[in-house]
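Source file work25.csv; content: CSV, C-alpha atoms and all ligand atoms.
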```csv
chain,number,residue,atom,x,y,z
A,1,MET,CA,63.7,55.7,124.5
A,2,GLY,CA,64.4,52.1,123.5
A,3,TYR,CA,64.9,52.6,119.8
A,4,LEU,CA,67.5,55.3,120.2
A,5,ASN,CA,69.3,53.3,122.9
A,6,GLY,CA,69.2,50.3,120.5
A,7,LEU,CA,71.0,52.4,117.9
A,8,ILE,CA,73.6,53.3,120.5
A,9,ARG,CA,74.1,49.7,121.5
A,10,ALA,CA,74.5,48.7,117.9
A,11,ASP,CA,77.2,51.5,117.4
A,12,LYS,CA,74.9,53.3,115.0
A,13,ALA,CA,74.5,56.4,117.2
A,14,THR,CA,76.5,58.2,119.9
A,15,LEU,CA,75.0,60.0,122.9
A,16,TYR,CA,76.5,63.1,124.5
A,17,LYS,CA,75.4,65.1,127.5
A,18,ILE,CA,74.9,68.9,127.2
A,19,GLU,CA,74.2,71.5,129.9
A,20,CYS,CA,71.8,73.9,128.2
A,21,GLU,CA,72.4,77.7,128.2
A,22,LEU,CA,70.4,80.0,130.5
A,23,PRO,CA,67.6,80.7,131.0
A,24,SER,CA,66.5,77.2,130.2
A,25,MET,CA,63.6,78.5,128.1
A,26,SER,CA,62.3,77.7,124.6
A,27,ARG,CA,62.7,80.8,122.4
A,28,PRO,CA,66.0,81.8,124.0
A,29,LEU,CA,67.4,78.3,123.3
A,30,TYR,CA,66.0,78.0,119.8
A,31,GLU,CA,68.0,81.1,119.1
A,32,CYS,CA,71.1,79.6,120.9
A,33,ILE,CA,70.9,76.3,119.0
A,34,LEU,CA,70.3,77.9,115.6
A,35,THR,CA,72.8,80.8,115.9
A,36,GLY,CA,75.3,79.6,118.5
A,37,VAL,CA,74.7,82.7,120.6
A,38,SER,CA,73.7,82.3,124.2
A,39,PRO,CA,70.5,84.1,125.4
A,40,VAL,CA,72.3,86.8,127.5
A,41,ASN,CA,74.2,87.7,124.3
A,42,SER,CA,71.5,87.4,121.8
A,43,GLY,CA,68.9,89.4,123.7
A,44,ILE,CA,66.3,86.7,123.2
A,45,VAL,CA,66.1,86.3,127.0
A,46,ASN,CA,62.5,85.1,127.4
A,47,ASN,CA,59.7,83.7,125.4
A,48,GLU,CA,58.0,87.0,125.0
A,49,VAL,CA,60.7,88.7,122.9
A,50,VAL,CA,59.0,88.6,119.5
A,51,ARG,CA,61.4,89.8,116.9
A,52,LEU,CA,63.8,88.6,114.2
A,53,SER,CA,67.2,87.3,115.4
A,54,HIS,CA,70.0,89.8,115.1
A,55,PHE,CA,72.5,87.1,114.2
A,56,GLU,CA,73.3,84.8,111.3
A,57,SER,CA,71.7,81.4,111.8
A,58,VAL,CA,72.2,77.9,110.2
A,59,PHE,CA,69.3,78.9,108.0
A,60,SER,CA,70.7,82.3,106.9
A,61,LEU,CA,74.2,81.0,106.4
A,62,ALA,CA,73.0,77.9,104.4
A,63,HIS,CA,70.7,80.1,102.4
A,64,GLN,CA,73.5,82.5,101.5
A,65,ALA,CA,75.7,79.6,100.5
A,66,GLY,CA,73.0,78.5,98.0
A,67,LYS,CA,71.7,75.6,100.1
A,68,THR,CA,68.0,74.7,100.5
A,69,THR,CA,66.6,75.1,104.0
A,70,ALA,CA,63.4,73.8,105.6
A,71,ALA,CA,61.6,73.6,108.9
A,72,ALA,CA,58.7,71.8,110.4
A,73,ALA,CA,58.6,73.7,113.6
A,74,TYR,CA,56.7,75.9,116.2
A,75,TYR,CA,55.9,79.3,114.9
A,76,TRP,CA,58.5,81.0,117.1
A,77,VAL,CA,61.2,79.6,114.7
A,78,SER,CA,59.4,81.4,111.8
A,79,GLU,CA,59.4,84.6,113.9
A,80,LEU,CA,63.2,84.4,114.7
A,81,TYR,CA,64.4,83.8,111.1
A,82,ASN,CA,61.6,84.6,108.6
A,83,ARG,CA,59.0,87.1,109.6
A,84,ALA,CA,57.8,88.6,112.9
A,85,PRO,CA,55.2,88.6,114.2
A,86,PHE,CA,53.8,85.4,112.8
A,87,ILE,CA,50.6,85.7,110.7
A,88,ALA,CA,49.2,82.2,110.4
A,89,THR,CA,47.3,82.7,107.2
A,90,ARG,CA,50.5,84.0,105.6
A,91,ASP,CA,53.2,81.9,107.3
A,92,ARG,CA,51.7,78.6,108.3
A,93,PHE,CA,52.9,77.1,105.0
A,94,THR,CA,55.9,79.0,103.6
A,95,HIS,CA,57.5,78.5,100.2
A,96,ASP,CA,59.7,81.5,99.4
A,97,GLU,CA,63.2,81.2,97.9
A,98,GLN,CA,64.1,84.7,99.3
A,99,LEU,CA,63.6,83.8,103.0
A,100,PRO,CA,66.2,82.1,105.2
A,101,ILE,CA,63.8,79.2,105.8
A,102,GLN,CA,62.7,78.6,102.3
A,103,HIS,CA,60.2,75.9,103.0
A,104,GLY,CA,58.2,75.7,106.2
A,105,CYS,CA,55.3,74.1,108.0
A,106,PHE,CA,54.8,76.1,111.2
A,107,TYR,CA,52.3,75.3,113.9
A,108,GLN,CA,50.9,77.3,116.7
A,109,ALA,CA,49.2,74.8,119.1
A,110,ASP,CA,51.6,73.3,121.7
A,111,SER,CA,49.4,70.2,121.5
A,112,TYR,CA,49.9,69.9,117.7
A,113,PRO,CA,50.4,66.1,117.4
A,114,ASP,CA,54.1,65.0,117.0
A,115,ASP,CA,53.1,62.3,114.5
A,116,HIS,CA,51.5,65.0,112.3
A,117,LEU,CA,54.5,67.2,112.7
A,118,PHE,CA,56.8,64.4,111.5
A,119,ILE,CA,54.6,63.9,108.5
A,120,ASP,CA,54.9,67.6,107.7
A,121,ALA,CA,58.7,67.2,107.9
A,122,GLU,CA,58.6,64.2,105.6
A,123,TYR,CA,56.5,66.2,103.1
A,124,LEU,CA,59.2,69.0,103.2
A,125,ARG,CA,62.1,66.5,102.9
A,126,THR,CA,60.6,64.5,100.0
A,127,GLN,CA,59.2,67.4,98.1
A,128,PHE,CA,62.0,69.9,98.4
A,129,SER,CA,65.2,67.9,99.3
A,130,PRO,CA,66.4,70.4,101.8
A,131,ASP,CA,70.1,70.4,102.7
A,132,PHE,CA,69.1,71.3,106.2
A,133,LEU,CA,65.8,70.4,107.8
A,134,LEU,CA,64.8,71.3,111.3
A,135,ILE,CA,62.1,69.0,112.8
A,136,HIS,CA,60.7,70.4,116.0
A,137,PRO,CA,58.0,68.6,117.9
A,138,MET,CA,56.4,70.0,121.0
A,139,ASN,CA,54.4,67.3,122.7
A,140,ILE,CA,57.0,66.3,125.3
A,141,ASP,CA,57.3,69.8,126.6
A,142,ASP,CA,53.6,70.4,126.4
A,143,THR,CA,53.0,67.2,128.5
A,144,GLY,CA,55.6,68.3,131.0
A,145,HIS,CA,53.8,71.6,131.6
A,146,LYS,CA,50.6,69.7,132.2
A,147,PHE,CA,51.9,66.9,134.4
A,148,GLY,CA,55.4,67.8,135.6
A,149,PHE,CA,58.9,66.2,135.2
A,150,ASP,CA,58.3,63.2,137.4
A,151,SER,CA,55.1,61.9,135.8
A,152,SER,CA,54.2,58.9,133.8
A,153,GLN,CA,52.7,61.2,131.2
A,154,TYR,CA,56.0,63.0,130.6
A,155,ARG,CA,57.9,59.8,130.4
A,156,ASN,CA,55.4,58.3,128.0
A,157,ALA,CA,55.5,61.4,125.8
A,158,ALA,CA,59.2,60.7,125.4
A,159,ARG,CA,58.5,57.0,124.6
A,160,LYS,CA,56.0,58.1,122.0
A,161,ALA,CA,58.6,60.3,120.3
A,162,ASP,CA,61.0,57.4,120.3
A,163,ILE,CA,58.4,55.3,118.5
A,164,ILE,CA,57.8,58.0,115.9
A,165,LEU,CA,61.6,58.4,115.3
A,166,SER,CA,61.9,54.6,114.8
A,167,ASN,CA,59.6,55.0,111.8
A,168,TYR,CA,61.8,57.6,110.1
A,169,ILE,CA,65.4,57.3,111.2
A,170,PRO,CA,66.0,54.0,109.3
A,171,ILE,CA,64.9,55.7,106.1
A,172,TRP,CA,67.0,58.8,106.8
A,173,MET,CA,70.1,56.6,107.6
A,174,GLU,CA,69.5,54.5,104.4
A,175,GLN,CA,69.5,57.8,102.4
A,176,GLY,CA,72.8,59.0,104.0
A,177,TYR,CA,71.5,61.9,106.1
A,178,GLN,CA,73.5,63.2,109.1
A,179,ILE,CA,71.1,63.3,112.0
A,180,ILE,CA,71.3,65.2,115.3
A,181,VAL,CA,68.6,64.6,118.0
A,182,THR,CA,68.7,67.1,120.8
A,183,SER,CA,66.5,69.3,123.0
A,184,ASP,CA,66.4,72.9,124.0
A,185,HIS,CA,65.9,72.2,127.8
A,186,GLY,CA,64.2,69.9,130.2
A,187,MET,CA,61.4,70.2,132.8
A,188,ASN,CA,61.0,70.5,136.6
A,189,ASN,CA,58.4,69.2,139.0
A,190,ASP,CA,56.6,72.6,139.2
A,191,HIS,CA,55.5,72.0,135.6
A,192,SER,CA,57.9,74.6,134.2
A,193,HIS,CA,61.5,75.3,133.4
A,194,GLY,CA,63.8,78.3,133.2
A,195,GLY,CA,66.4,77.9,136.0
A,196,ILE,CA,69.5,75.8,136.8
A,197,LEU,CA,68.1,72.5,138.1
A,198,PRO,CA,69.7,69.5,136.5
A,199,GLU,CA,66.3,68.2,135.3
A,200,GLU,CA,65.8,71.6,133.5
A,201,CYS,CA,69.3,71.9,132.1
A,202,THR,CA,70.7,68.5,131.2
A,203,VAL,CA,69.8,67.6,127.6
A,204,PRO,CA,70.9,64.8,125.3
A,205,LEU,CA,72.7,65.2,121.9
A,206,LEU,CA,72.6,62.1,119.8
A,207,THR,CA,74.6,61.9,116.5
A,208,ILE,CA,73.8,59.4,113.7
A,209,GLY,CA,75.6,59.2,110.4
A,210,SER,CA,79.0,58.6,108.8
A,211,GLN,CA,80.2,62.2,109.0
A,212,PHE,CA,80.2,62.1,112.8
A,213,SER,CA,83.4,60.8,114.7
A,214,HIS,CA,81.3,58.9,117.2
A,215,TYR,CA,84.1,59.7,119.6
A,216,SER,CA,83.2,59.8,123.2
A,217,PRO,CA,83.7,61.8,125.4
A,218,CYS,CA,83.3,65.0,123.5
A,219,ASN,CA,82.8,68.3,125.4
A,220,ILE,CA,80.1,69.8,123.2
A,221,LYS,CA,78.2,72.9,124.2
A,222,GLN,CA,74.8,74.1,123.0
A,223,THR,CA,76.5,77.1,121.5
A,224,ASP,CA,78.6,74.7,119.3
A,225,ILE,CA,75.6,73.2,117.5
A,226,CYS,CA,75.1,76.0,114.9
A,227,GLY,CA,78.7,76.1,113.7
A,228,THR,CA,79.1,72.3,113.8
A,229,VAL,CA,76.0,71.9,111.6
A,230,CYS,CA,77.3,74.6,109.2
A,231,THR,CA,80.6,72.7,108.9
A,232,LEU,CA,78.7,69.5,108.2
A,233,LEU,CA,76.8,71.3,105.4
A,234,GLY,CA,80.1,72.6,103.9
A,235,VAL,CA,79.0,76.1,104.8
A,236,ASN,CA,81.4,78.6,106.3
A,237,PRO,CA,80.4,78.9,110.0
A,238,ILE,CA,82.0,82.4,110.1
A,239,ASP,CA,82.6,83.3,113.8
A,240,LYS,CA,80.5,80.5,115.2
A,241,PRO,CA,82.1,78.0,117.6
A,242,VAL,CA,82.5,74.5,116.1
A,243,CYS,CA,82.9,71.2,118.1
A,244,HIS,CA,85.5,69.7,115.8
A,245,PRO,CA,85.9,66.4,117.8
A,246,LEU,CA,82.2,65.6,117.0
A,247,LEU,CA,83.0,65.3,113.3
A,248,VAL,CA,85.0,62.8,111.2
A,249,GLY,CA,88.7,63.8,111.1
A,250,GLY,CA,88.0,66.6,113.6
A,251,ARG,CA,87.3,68.8,110.5
B,301,ZN,ZN,58.2,74.5,127.9
```

Could you render the structure from this file as structure tokens?
Ligand SMILES: [Zn+2]
Amino acid sequence: MGYLNGLIRADKATLYKIECELPSMSRPLYECILTGVSPVNSGIVNNEVVRLSHFESVFSLAHQAGKTTAAAAYYWVSELYNRAPFIATRDRFTHDEQLPIQHGCFYQADSYPDDHLFIDAEYLRTQFSPDFLLIHPMNIDDTGHKFGFDSSQYRNAARKADIILSNYIPIWMEQGYQIIVTSDHGMNNDHSHGGILPEECTVPLLTIGSQFSHYSPCNIKQTDICGTVCTLLGVNPIDKPVCHPLLVGGR
């Protein structure tokens, strides 16, 4: 991912290494990233657990604090924080001030093109000025399931995401956004993930923006992301763990 690495070299971004929580699966780790609760404690222990989260999330805490929230994301995110089960004709495009995710574009096909997804996100960002926006593309994971971890297709899917990001990150930086780029989990050579292999569990976390300390090393855990994002937003993270060294002044 040459663009992101170029930002690191230019001291505009800092890269941290995270060991994801277990199981290294999507829905359990969406819940982990967005609530700070690990799968064995949240009860979202596999992808087939279709219900609302039992915990406060970045979305619910920001919403309660009067902030505007948005997501361009896979429909499981809508199921965890807005309504479950997902009804595409009702939920595909969401605009409801009462819901934790007030503005949403939710997709159902794993092959929904990442470049379209980022345009959905830009629509939400420019039309509704969300305080917190989750952008959640699926093509890297989808390609890994089709071709495996050690494949040119998987690597090229990551390169493609880097190119898409290079079109938007300069605009977001210019406008003063605090940006986190991370992943729920990785991929193995059996075209799946879920266990404890390094290639399934090692994920990056990249910070961009003036409110990050850019101090390295920093022992951030996946369960720290929710509370750290709340702190950045000026929202009380209640009982969520916060990685203070990640933020300016360790606040
Ligand atoms: Zn997957």

Excluding stretch 87-90 of chain A and any residue of its chain fewer than 3 positions from it, enumerate the residues within 9 Å of it, using only C-alpha atoms, and give them as a ChimeraX atom specification. /A:75,83-84,93-94,106-108

Taking only C-alpha atoms and all ligand atoms into account, which residues are within 8 Å of ligand ZN 301 (chain B), as a tab-separated table (two decimals) with C-alpha atoms, keeping the file's coordinate frame?
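Listed below is the output, out.tsv:
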```
chain	number	residue	atom	x	y	z
A	25	MET	CA	63.60	78.50	128.10
A	26	SER	CA	62.30	77.70	124.60
A	141	ASP	CA	57.30	69.80	126.60
A	142	ASP	CA	53.60	70.40	126.40
A	144	GLY	CA	55.60	68.30	131.00
A	145	HIS	CA	53.80	71.60	131.60
A	186	GLY	CA	64.20	69.90	130.20
A	187	MET	CA	61.40	70.20	132.80
A	192	SER	CA	57.90	74.60	134.20
A	193	HIS	CA	61.50	75.30	133.40
```

One decimal, in Å: what's the spacing between atom CA of A:Asp224 and atom CA of A:Gln211? 16.3 Å

For A:Asp239: contacts at 10 Å, only C-alpha atoms, fewer than 6 positions along chain excluded, given as a count of residues only: 3

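For the atom pair formed by atom CA of A:Phe128 and atom CA of A:Ser111, the distance is 26.3 Å, given to one decimal.
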
Do a neighbour search on A:Phe55 at 12 Å with all atoms listed in the file, toss out local chain neighbours closer than 3 positions, and write the hits as an NGL selection string. :A and (31-39 or 41-44 or 51-52 or 58-61 or 80-81 or 226 or 238-240)

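Taking atom CA of A:Phe132 and atom CA of A:Ala71 as endpoints, the distance between them is 8.3 Å.
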
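Take the candidates A:Gln64, A:Gly209, A:Ser152, A:Gln175 and check each one against A:Thr126 using only C-alpha atoms; the shortest distance goes to A:Gln175.
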
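Shortest separation to A:Pro28 among A:Pro137, A:Pro170, A:Gly194, A:Gly176 occurs at residue A:Gly194, atoms counted being all atoms listed in the file.
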
Point (86.1, 67.2, 128.2), cut-off 12 Å, counting all atoms listed in the file, residues as a short mmCIF file (atom, residue, chain, number, x, y, z; two decimals) with C-alpha atoms, in the coordinates of the input:
```
data_model
loop_
_atom_site.label_atom_id
_atom_site.label_comp_id
_atom_site.auth_asym_id
_atom_site.auth_seq_id
_atom_site.Cartn_x
_atom_site.Cartn_y
_atom_site.Cartn_z
CA TYR A 16 76.50 63.10 124.50
CA LYS A 17 75.40 65.10 127.50
CA ILE A 18 74.90 68.90 127.20
CA TYR A 215 84.10 59.70 119.60
CA SER A 216 83.20 59.80 123.20
CA PRO A 217 83.70 61.80 125.40
CA CYS A 218 83.30 65.00 123.50
CA ASN A 219 82.80 68.30 125.40
CA ILE A 220 80.10 69.80 123.20
CA LYS A 221 78.20 72.90 124.20
CA CYS A 243 82.90 71.20 118.10
CA PRO A 245 85.90 66.40 117.80
CA LEU A 246 82.20 65.60 117.00
#
```

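Between A:Ile225 and the candidates A:Ser57, A:His63, A:Arg159, A:Arg125, the tightest atom-to-atom separation, counting only C-alpha atoms, involves A:Ser57.
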